[in-house]
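Note: the block below is model36.cif and it holds mmCIF, C-alpha atoms.
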```cif
data_my_file
loop_
_atom_site.group_PDB
_atom_site.id
_atom_site.type_symbol
_atom_site.label_atom_id
_atom_site.label_comp_id
_atom_site.auth_asym_id
_atom_site.auth_seq_id
_atom_site.Cartn_x
_atom_site.Cartn_y
_atom_site.Cartn_z
ATOM 1 C CA MET A 1 20.122 33.059 21.344
ATOM 2 C CA ASN A 2 18.212 36.092 20.046
ATOM 3 C CA GLN A 3 21.484 38.065 19.722
ATOM 4 C CA LEU A 4 23.105 35.226 17.745
ATOM 5 C CA PHE A 5 20.108 35.104 15.382
ATOM 6 C CA ARG A 6 20.403 38.870 14.701
ATOM 7 C CA ILE A 7 24.103 38.574 13.932
ATOM 8 C CA PHE A 8 23.479 35.731 11.459
ATOM 9 C CA ALA A 9 20.539 37.593 9.861
ATOM 10 C CA ILE A 10 22.481 40.832 9.406
ATOM 11 C CA THR A 11 25.530 38.981 8.114
ATOM 12 C CA GLY A 12 23.372 36.998 5.689
ATOM 13 C CA ILE A 13 21.651 40.089 4.261
ATOM 14 C CA ALA A 14 24.959 41.945 3.925
ATOM 15 C CA LEU A 15 26.514 38.998 2.121
ATOM 16 C CA ALA A 16 23.501 38.686 -0.187
ATOM 17 C CA LEU A 17 23.783 42.369 -1.114
ATOM 18 C CA LEU A 18 27.501 42.023 -1.744
ATOM 19 C CA ILE A 19 27.129 39.074 -4.113
ATOM 20 C CA GLY A 20 24.112 40.581 -5.840
ATOM 21 C CA ILE A 21 21.286 38.283 -4.823
ATOM 22 C CA PHE A 22 19.186 41.334 -3.941
ATOM 23 C CA PRO A 23 19.955 43.997 -6.567
ATOM 24 C CA LEU A 24 20.059 47.525 -5.259
ATOM 25 C CA ALA A 25 16.945 49.487 -6.192
ATOM 26 C CA TYR A 26 18.687 52.368 -7.941
ATOM 27 C CA SER A 27 21.767 50.827 -9.498
ATOM 28 C CA SER A 28 23.067 52.972 -12.314
ATOM 29 C CA PRO A 29 25.003 51.880 -15.387
ATOM 30 C CA ALA A 30 28.762 52.066 -14.920
ATOM 31 C CA THR A 31 30.132 55.031 -16.843
ATOM 32 C CA THR A 32 33.380 56.922 -17.298
ATOM 33 C CA SER A 33 33.304 60.698 -17.450
ATOM 34 C CA ALA A 34 34.874 62.388 -20.478
ATOM 35 C CA TYR A 35 34.948 65.751 -22.236
ATOM 36 C CA VAL A 36 34.208 66.089 -25.968
ATOM 37 C CA VAL A 37 37.088 68.020 -27.515
ATOM 38 C CA ARG A 38 35.682 67.903 -31.055
ATOM 39 C CA VAL A 39 33.466 65.978 -33.431
ATOM 40 C CA ILE A 40 35.657 64.273 -36.020
ATOM 41 C CA ASP A 41 32.759 63.064 -38.143
ATOM 42 C CA GLY A 42 29.172 62.008 -37.571
ATOM 43 C CA SER A 43 29.858 58.997 -35.399
ATOM 44 C CA THR A 44 33.399 59.675 -34.176
ATOM 45 C CA LEU A 45 34.278 62.004 -31.327
ATOM 46 C CA GLN A 46 37.611 63.096 -29.955
ATOM 47 C CA VAL A 47 37.341 63.079 -26.165
ATOM 48 C CA TYR A 48 39.551 63.756 -23.207
ATOM 49 C CA VAL A 49 39.242 60.774 -20.884
ATOM 50 C CA ASN A 50 41.523 59.322 -18.203
ATOM 51 C CA ASP A 51 44.166 62.037 -18.783
ATOM 52 C CA ALA A 52 44.428 61.259 -22.508
ATOM 53 C CA THR A 53 42.811 62.205 -25.791
ATOM 54 C CA GLU A 54 40.987 59.296 -27.438
ATOM 55 C CA ASN A 55 38.759 58.784 -30.459
ATOM 56 C CA VAL A 56 35.348 57.357 -29.602
ATOM 57 C CA ARG A 57 32.899 55.732 -32.018
ATOM 58 C CA ILE A 58 29.260 55.971 -30.985
ATOM 59 C CA ILE A 59 27.880 52.416 -30.690
ATOM 60 C CA GLY A 60 24.830 51.353 -32.675
ATOM 61 C CA VAL A 61 24.403 54.311 -35.012
ATOM 62 C CA ASP A 62 25.258 54.954 -38.645
ATOM 63 C CA ILE A 63 25.233 58.614 -39.672
ATOM 64 C CA PRO A 64 24.531 59.423 -43.345
ATOM 65 C CA ASP A 65 27.676 60.269 -45.315
ATOM 66 C CA LYS A 66 27.984 64.030 -45.797
ATOM 67 C CA ASN A 67 30.249 63.387 -48.803
ATOM 68 C CA ASN A 68 27.719 61.175 -50.595
ATOM 69 C CA PRO A 69 26.838 62.354 -54.136
ATOM 70 C CA ASN A 70 23.145 61.763 -53.389
ATOM 71 C CA LYS A 71 21.763 65.180 -52.371
ATOM 72 C CA HIS A 72 19.297 63.766 -49.829
ATOM 73 C CA THR A 73 21.927 61.607 -48.116
ATOM 74 C CA LYS A 74 24.474 64.446 -48.147
ATOM 75 C CA ALA A 75 21.956 66.912 -46.654
ATOM 76 C CA ASN A 76 21.032 64.466 -43.890
ATOM 77 C CA GLY A 77 24.696 63.828 -43.146
ATOM 78 C CA LEU A 78 25.397 67.554 -42.838
ATOM 79 C CA LYS A 79 22.351 68.061 -40.566
ATOM 80 C CA ALA A 80 23.371 65.143 -38.365
ATOM 81 C CA GLU A 81 26.950 66.306 -37.984
ATOM 82 C CA LYS A 82 25.803 69.861 -37.173
ATOM 83 C CA PHE A 83 23.414 68.515 -34.510
ATOM 84 C CA ILE A 84 26.123 66.322 -32.969
ATOM 85 C CA ARG A 85 28.581 69.229 -32.930
ATOM 86 C CA GLU A 86 26.044 71.552 -31.257
ATOM 87 C CA GLN A 87 25.039 68.976 -28.648
ATOM 88 C CA LEU A 88 28.398 67.468 -27.725
ATOM 89 C CA GLU A 89 31.407 69.555 -28.713
ATOM 90 C CA GLY A 90 32.867 71.257 -25.663
ATOM 91 C CA HIS A 91 30.591 69.383 -23.263
ATOM 92 C CA PRO A 92 31.132 66.704 -20.623
ATOM 93 C CA VAL A 93 29.707 63.259 -21.387
ATOM 94 C CA TYR A 94 29.645 59.846 -19.772
ATOM 95 C CA LEU A 95 30.903 56.832 -21.697
ATOM 96 C CA GLN A 96 29.521 53.361 -21.165
ATOM 97 C CA PHE A 97 31.194 50.333 -22.671
ATOM 98 C CA ASP A 98 29.811 47.049 -23.911
ATOM 99 C CA ILE A 99 31.555 43.773 -24.707
ATOM 100 C CA GLN A 100 33.906 45.007 -27.461
ATOM 101 C CA LYS A 101 35.860 47.998 -26.147
ATOM 102 C CA ARG A 102 37.740 49.025 -29.320
ATOM 103 C CA ASP A 103 37.306 48.698 -33.064
ATOM 104 C CA LYS A 104 39.907 47.682 -35.640
ATOM 105 C CA GLU A 105 41.123 51.311 -35.850
ATOM 106 C CA ASN A 106 41.633 51.313 -32.056
ATOM 107 C CA HIS A 107 38.764 53.743 -31.461
ATOM 108 C CA ILE A 108 36.926 53.313 -28.181
ATOM 109 C CA LEU A 109 33.395 51.972 -28.746
ATOM 110 C CA ALA A 110 30.902 53.554 -26.359
ATOM 111 C CA TYR A 111 27.373 54.530 -25.533
ATOM 112 C CA VAL A 112 27.457 58.293 -24.978
ATOM 113 C CA TRP A 113 25.347 59.673 -22.136
ATOM 114 C CA ILE A 114 24.770 63.433 -22.025
ATOM 115 C CA SER A 115 24.224 63.267 -18.273
ATOM 116 C CA GLN A 116 24.924 60.649 -15.632
ATOM 117 C CA PRO A 117 22.299 57.888 -15.868
ATOM 118 C CA SER A 118 20.614 56.659 -12.722
ATOM 119 C CA SER A 119 19.320 53.488 -14.411
ATOM 120 C CA ASP A 120 19.113 51.908 -17.831
ATOM 121 C CA SER A 121 15.330 52.226 -18.087
ATOM 122 C CA ASP A 122 13.541 53.289 -21.257
ATOM 123 C CA SER A 123 12.913 56.797 -19.914
ATOM 124 C CA GLU A 124 16.579 57.256 -18.951
ATOM 125 C CA LEU A 125 17.709 56.040 -22.368
ATOM 126 C CA ARG A 126 15.329 58.425 -24.146
ATOM 127 C CA ASP A 127 16.332 61.403 -21.994
ATOM 128 C CA LYS A 128 20.058 60.902 -21.532
ATOM 129 C CA LEU A 129 21.546 58.431 -24.032
ATOM 130 C CA PHE A 130 22.815 60.368 -27.046
ATOM 131 C CA ASN A 131 22.884 57.234 -29.232
ATOM 132 C CA ALA A 132 19.123 56.939 -28.622
ATOM 133 C CA ARG A 133 18.544 60.643 -29.350
ATOM 134 C CA LEU A 134 20.240 60.281 -32.755
ATOM 135 C CA LEU A 135 17.848 57.462 -33.678
ATOM 136 C CA LEU A 136 14.710 59.014 -32.160
ATOM 137 C CA ASP A 137 15.236 62.276 -34.054
ATOM 138 C CA GLY A 138 16.115 60.505 -37.309
ATOM 139 C CA TYR A 139 19.710 61.726 -37.526
ATOM 140 C CA ALA A 140 21.020 58.164 -37.812
ATOM 141 C CA ARG A 141 20.185 54.622 -38.807
ATOM 142 C CA LEU A 142 20.745 51.631 -36.603
ATOM 143 C CA SER A 143 24.160 50.146 -37.237
ATOM 144 C CA ALA A 144 24.555 46.391 -37.301
ATOM 145 C CA GLU A 145 26.700 45.633 -34.264
ATOM 146 C CA SER A 146 27.603 42.001 -33.917
ATOM 147 C CA VAL A 147 28.876 42.103 -30.337
ATOM 148 C CA ASN A 148 27.796 45.337 -28.640
ATOM 149 C CA VAL A 149 24.076 44.773 -28.213
ATOM 150 C CA LYS A 150 23.303 45.895 -24.652
ATOM 151 C CA TYR A 151 20.620 48.358 -25.808
ATOM 152 C CA ALA A 152 19.852 46.826 -29.229
ATOM 153 C CA THR A 153 16.153 46.218 -28.516
ATOM 154 C CA PHE A 154 15.646 49.804 -27.341
ATOM 155 C CA LEU A 155 17.621 51.253 -30.256
ATOM 156 C CA GLN A 156 15.580 49.219 -32.781
ATOM 157 C CA ARG A 157 12.383 50.571 -31.235
ATOM 158 C CA TYR A 158 13.671 54.156 -31.383
ATOM 159 C CA GLN A 159 14.541 53.873 -35.059
ATOM 160 C CA ALA A 160 11.090 52.425 -35.784
ATOM 161 C CA GLU A 161 9.501 55.382 -33.961
ATOM 162 C CA ALA A 162 11.476 57.828 -36.113
ATOM 163 C CA GLN A 163 10.457 55.966 -39.278
ATOM 164 C CA VAL A 164 6.765 55.943 -38.361
ATOM 165 C CA GLY A 165 6.970 59.617 -37.346
ATOM 166 C CA ASP A 166 8.774 60.604 -40.585
ATOM 167 C CA ARG A 167 11.544 62.258 -38.573
ATOM 168 C CA GLY A 168 14.925 63.250 -39.953
ATOM 169 C CA LEU A 169 16.258 61.003 -42.659
ATOM 170 C CA TRP A 170 12.921 59.143 -42.703
ATOM 171 C CA ASP A 171 11.069 62.329 -43.725
ATOM 172 C CA LYS A 172 9.233 61.688 -46.979
#
```

Re-express the file's structure as structure tokens.
Amino acid sequence: MNQLFRIFAITGIALALLIGIFPLAYSSPATTSAYVVRVIDGSTLQVYVNDATENVRIIGVDIPDKNNPNKHTKANGLKAEKFIREQLEGHPVYLQFDIQKRDKENHILAYVWISQPSSDSDSELRDKLFNARLLLDGYARLSAESVNVKYATFLQRYQAEAQVGDRGLWDK
């Protein structure tokens, strides 16, 4: 009887883990590895992923237009693009997708991680999610995404921190 109980207990726990009743302690966000070939513009990257070259739009951020006639906007756009180029061009990244996978121009829509995340906690987002870094440092504004909102609450908080701290484009 004791042996039968152990078999049922072990089977029950294994089944619960498989169907997700007990989440694993260190589950990491699902990502796809890629290599940034070049930065096309502030929020669009050309990456090598899955044996193909694809254009990727960074979810949730709006980079100032470097071609804007307003000197302040243009300067911020140039700074942002330079930062993105220095941080990403020629480097491996990890792409994470949300609900909408492509935009109307067929660009992949992704969260861009600069190193493999081990969780989607606030500290991981701040340290490893490039979308977050752009907002925290004031290189970008939050973009209104209607569907892709997985990290929207975090991204709103990061933009607010940059505004309060007068960082980047929020510098007075």

Pick out the residues sitting within 12 Å of Ser33 in chain A, and hand them over as a list of chain:residue names; count all atoms listed in the file, and ignore anything fewer than 4 positions along from it in its own chain.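 So the residues in contact are A:Val47, A:Tyr48, A:Val49, A:Asn50, A:Asp51, A:His91, A:Pro92, A:Val93, A:Tyr94, A:Leu95, A:Gln96, A:Phe97, A:Ala110, A:Tyr111, A:Val112, A:Trp113, A:Ile114, A:Ser115, A:Gln116, A:Pro117.
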
What would the selection look like, as a VMD selection string, if the PyMOL selection byres ((chain A and resi 109) around 7) were run on the coordinates I just shared? chain A and resid 56 to 59 97 101 to 103 107 to 108 110

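Among the candidates A:Arg126, A:Lys104, A:Arg141, A:Arg85, the one nearest to Gly168 in chain A when counting all atoms listed in the file is A:Arg141.
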
Applying the PyMOL selection byres ((chain A and resi 158) around 12) to the file I just gave you, which residues come out? Please list them as a PyMOL selection string. chain A and resi 60-61+122-123+125-126+129-142+151-157+159-165+167

Save out the residues we just selected, C-alpha atoms, as a PDB file, keeping the file's coordinate frame.
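Final file, again39.pdb:
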```pdb
ATOM      1  CA  GLY A  60      24.830  51.353 -32.675  1.00  0.00           C
ATOM      2  CA  VAL A  61      24.403  54.311 -35.012  1.00  0.00           C
ATOM      3  CA  ASP A 122      13.541  53.289 -21.257  1.00  0.00           C
ATOM      4  CA  SER A 123      12.913  56.797 -19.914  1.00  0.00           C
ATOM      5  CA  LEU A 125      17.709  56.040 -22.368  1.00  0.00           C
ATOM      6  CA  ARG A 126      15.329  58.425 -24.146  1.00  0.00           C
ATOM      7  CA  LEU A 129      21.546  58.431 -24.032  1.00  0.00           C
ATOM      8  CA  PHE A 130      22.815  60.368 -27.046  1.00  0.00           C
ATOM      9  CA  ASN A 131      22.884  57.234 -29.232  1.00  0.00           C
ATOM     10  CA  ALA A 132      19.123  56.939 -28.622  1.00  0.00           C
ATOM     11  CA  ARG A 133      18.544  60.643 -29.350  1.00  0.00           C
ATOM     12  CA  LEU A 134      20.240  60.281 -32.755  1.00  0.00           C
ATOM     13  CA  LEU A 135      17.848  57.462 -33.678  1.00  0.00           C
ATOM     14  CA  LEU A 136      14.710  59.014 -32.160  1.00  0.00           C
ATOM     15  CA  ASP A 137      15.236  62.276 -34.054  1.00  0.00           C
ATOM     16  CA  GLY A 138      16.115  60.505 -37.309  1.00  0.00           C
ATOM     17  CA  TYR A 139      19.710  61.726 -37.526  1.00  0.00           C
ATOM     18  CA  ALA A 140      21.020  58.164 -37.812  1.00  0.00           C
ATOM     19  CA  ARG A 141      20.185  54.622 -38.807  1.00  0.00           C
ATOM     20  CA  LEU A 142      20.745  51.631 -36.603  1.00  0.00           C
ATOM     21  CA  TYR A 151      20.620  48.358 -25.808  1.00  0.00           C
ATOM     22  CA  ALA A 152      19.852  46.826 -29.229  1.00  0.00           C
ATOM     23  CA  THR A 153      16.153  46.218 -28.516  1.00  0.00           C
ATOM     24  CA  PHE A 154      15.646  49.804 -27.341  1.00  0.00           C
ATOM     25  CA  LEU A 155      17.621  51.253 -30.256  1.00  0.00           C
ATOM     26  CA  GLN A 156      15.580  49.219 -32.781  1.00  0.00           C
ATOM     27  CA  ARG A 157      12.383  50.571 -31.235  1.00  0.00           C
ATOM     28  CA  GLN A 159      14.541  53.873 -35.059  1.00  0.00           C
ATOM     29  CA  ALA A 160      11.090  52.425 -35.784  1.00  0.00           C
ATOM     30  CA  GLU A 161       9.501  55.382 -33.961  1.00  0.00           C
ATOM     31  CA  ALA A 162      11.476  57.828 -36.113  1.00  0.00           C
ATOM     32  CA  GLN A 163      10.457  55.966 -39.278  1.00  0.00           C
ATOM     33  CA  VAL A 164       6.765  55.943 -38.361  1.00  0.00           C
ATOM     34  CA  GLY A 165       6.970  59.617 -37.346  1.00  0.00           C
ATOM     35  CA  ARG A 167      11.544  62.258 -38.573  1.00  0.00           C
TER      36      ARG A 167
END
```

For CA of Trp170 in chain A and CA of Asn55 in chain A, the interatomic separation in Å (one decimal): 28.6 Å

Which distance in Å separates CA of Ala144 in chain A and CA of Asp65 in chain A, to one decimal?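 Result for CA of Ala144 in chain A versus CA of Asp65 in chain A: 16.3 Å, one decimal.
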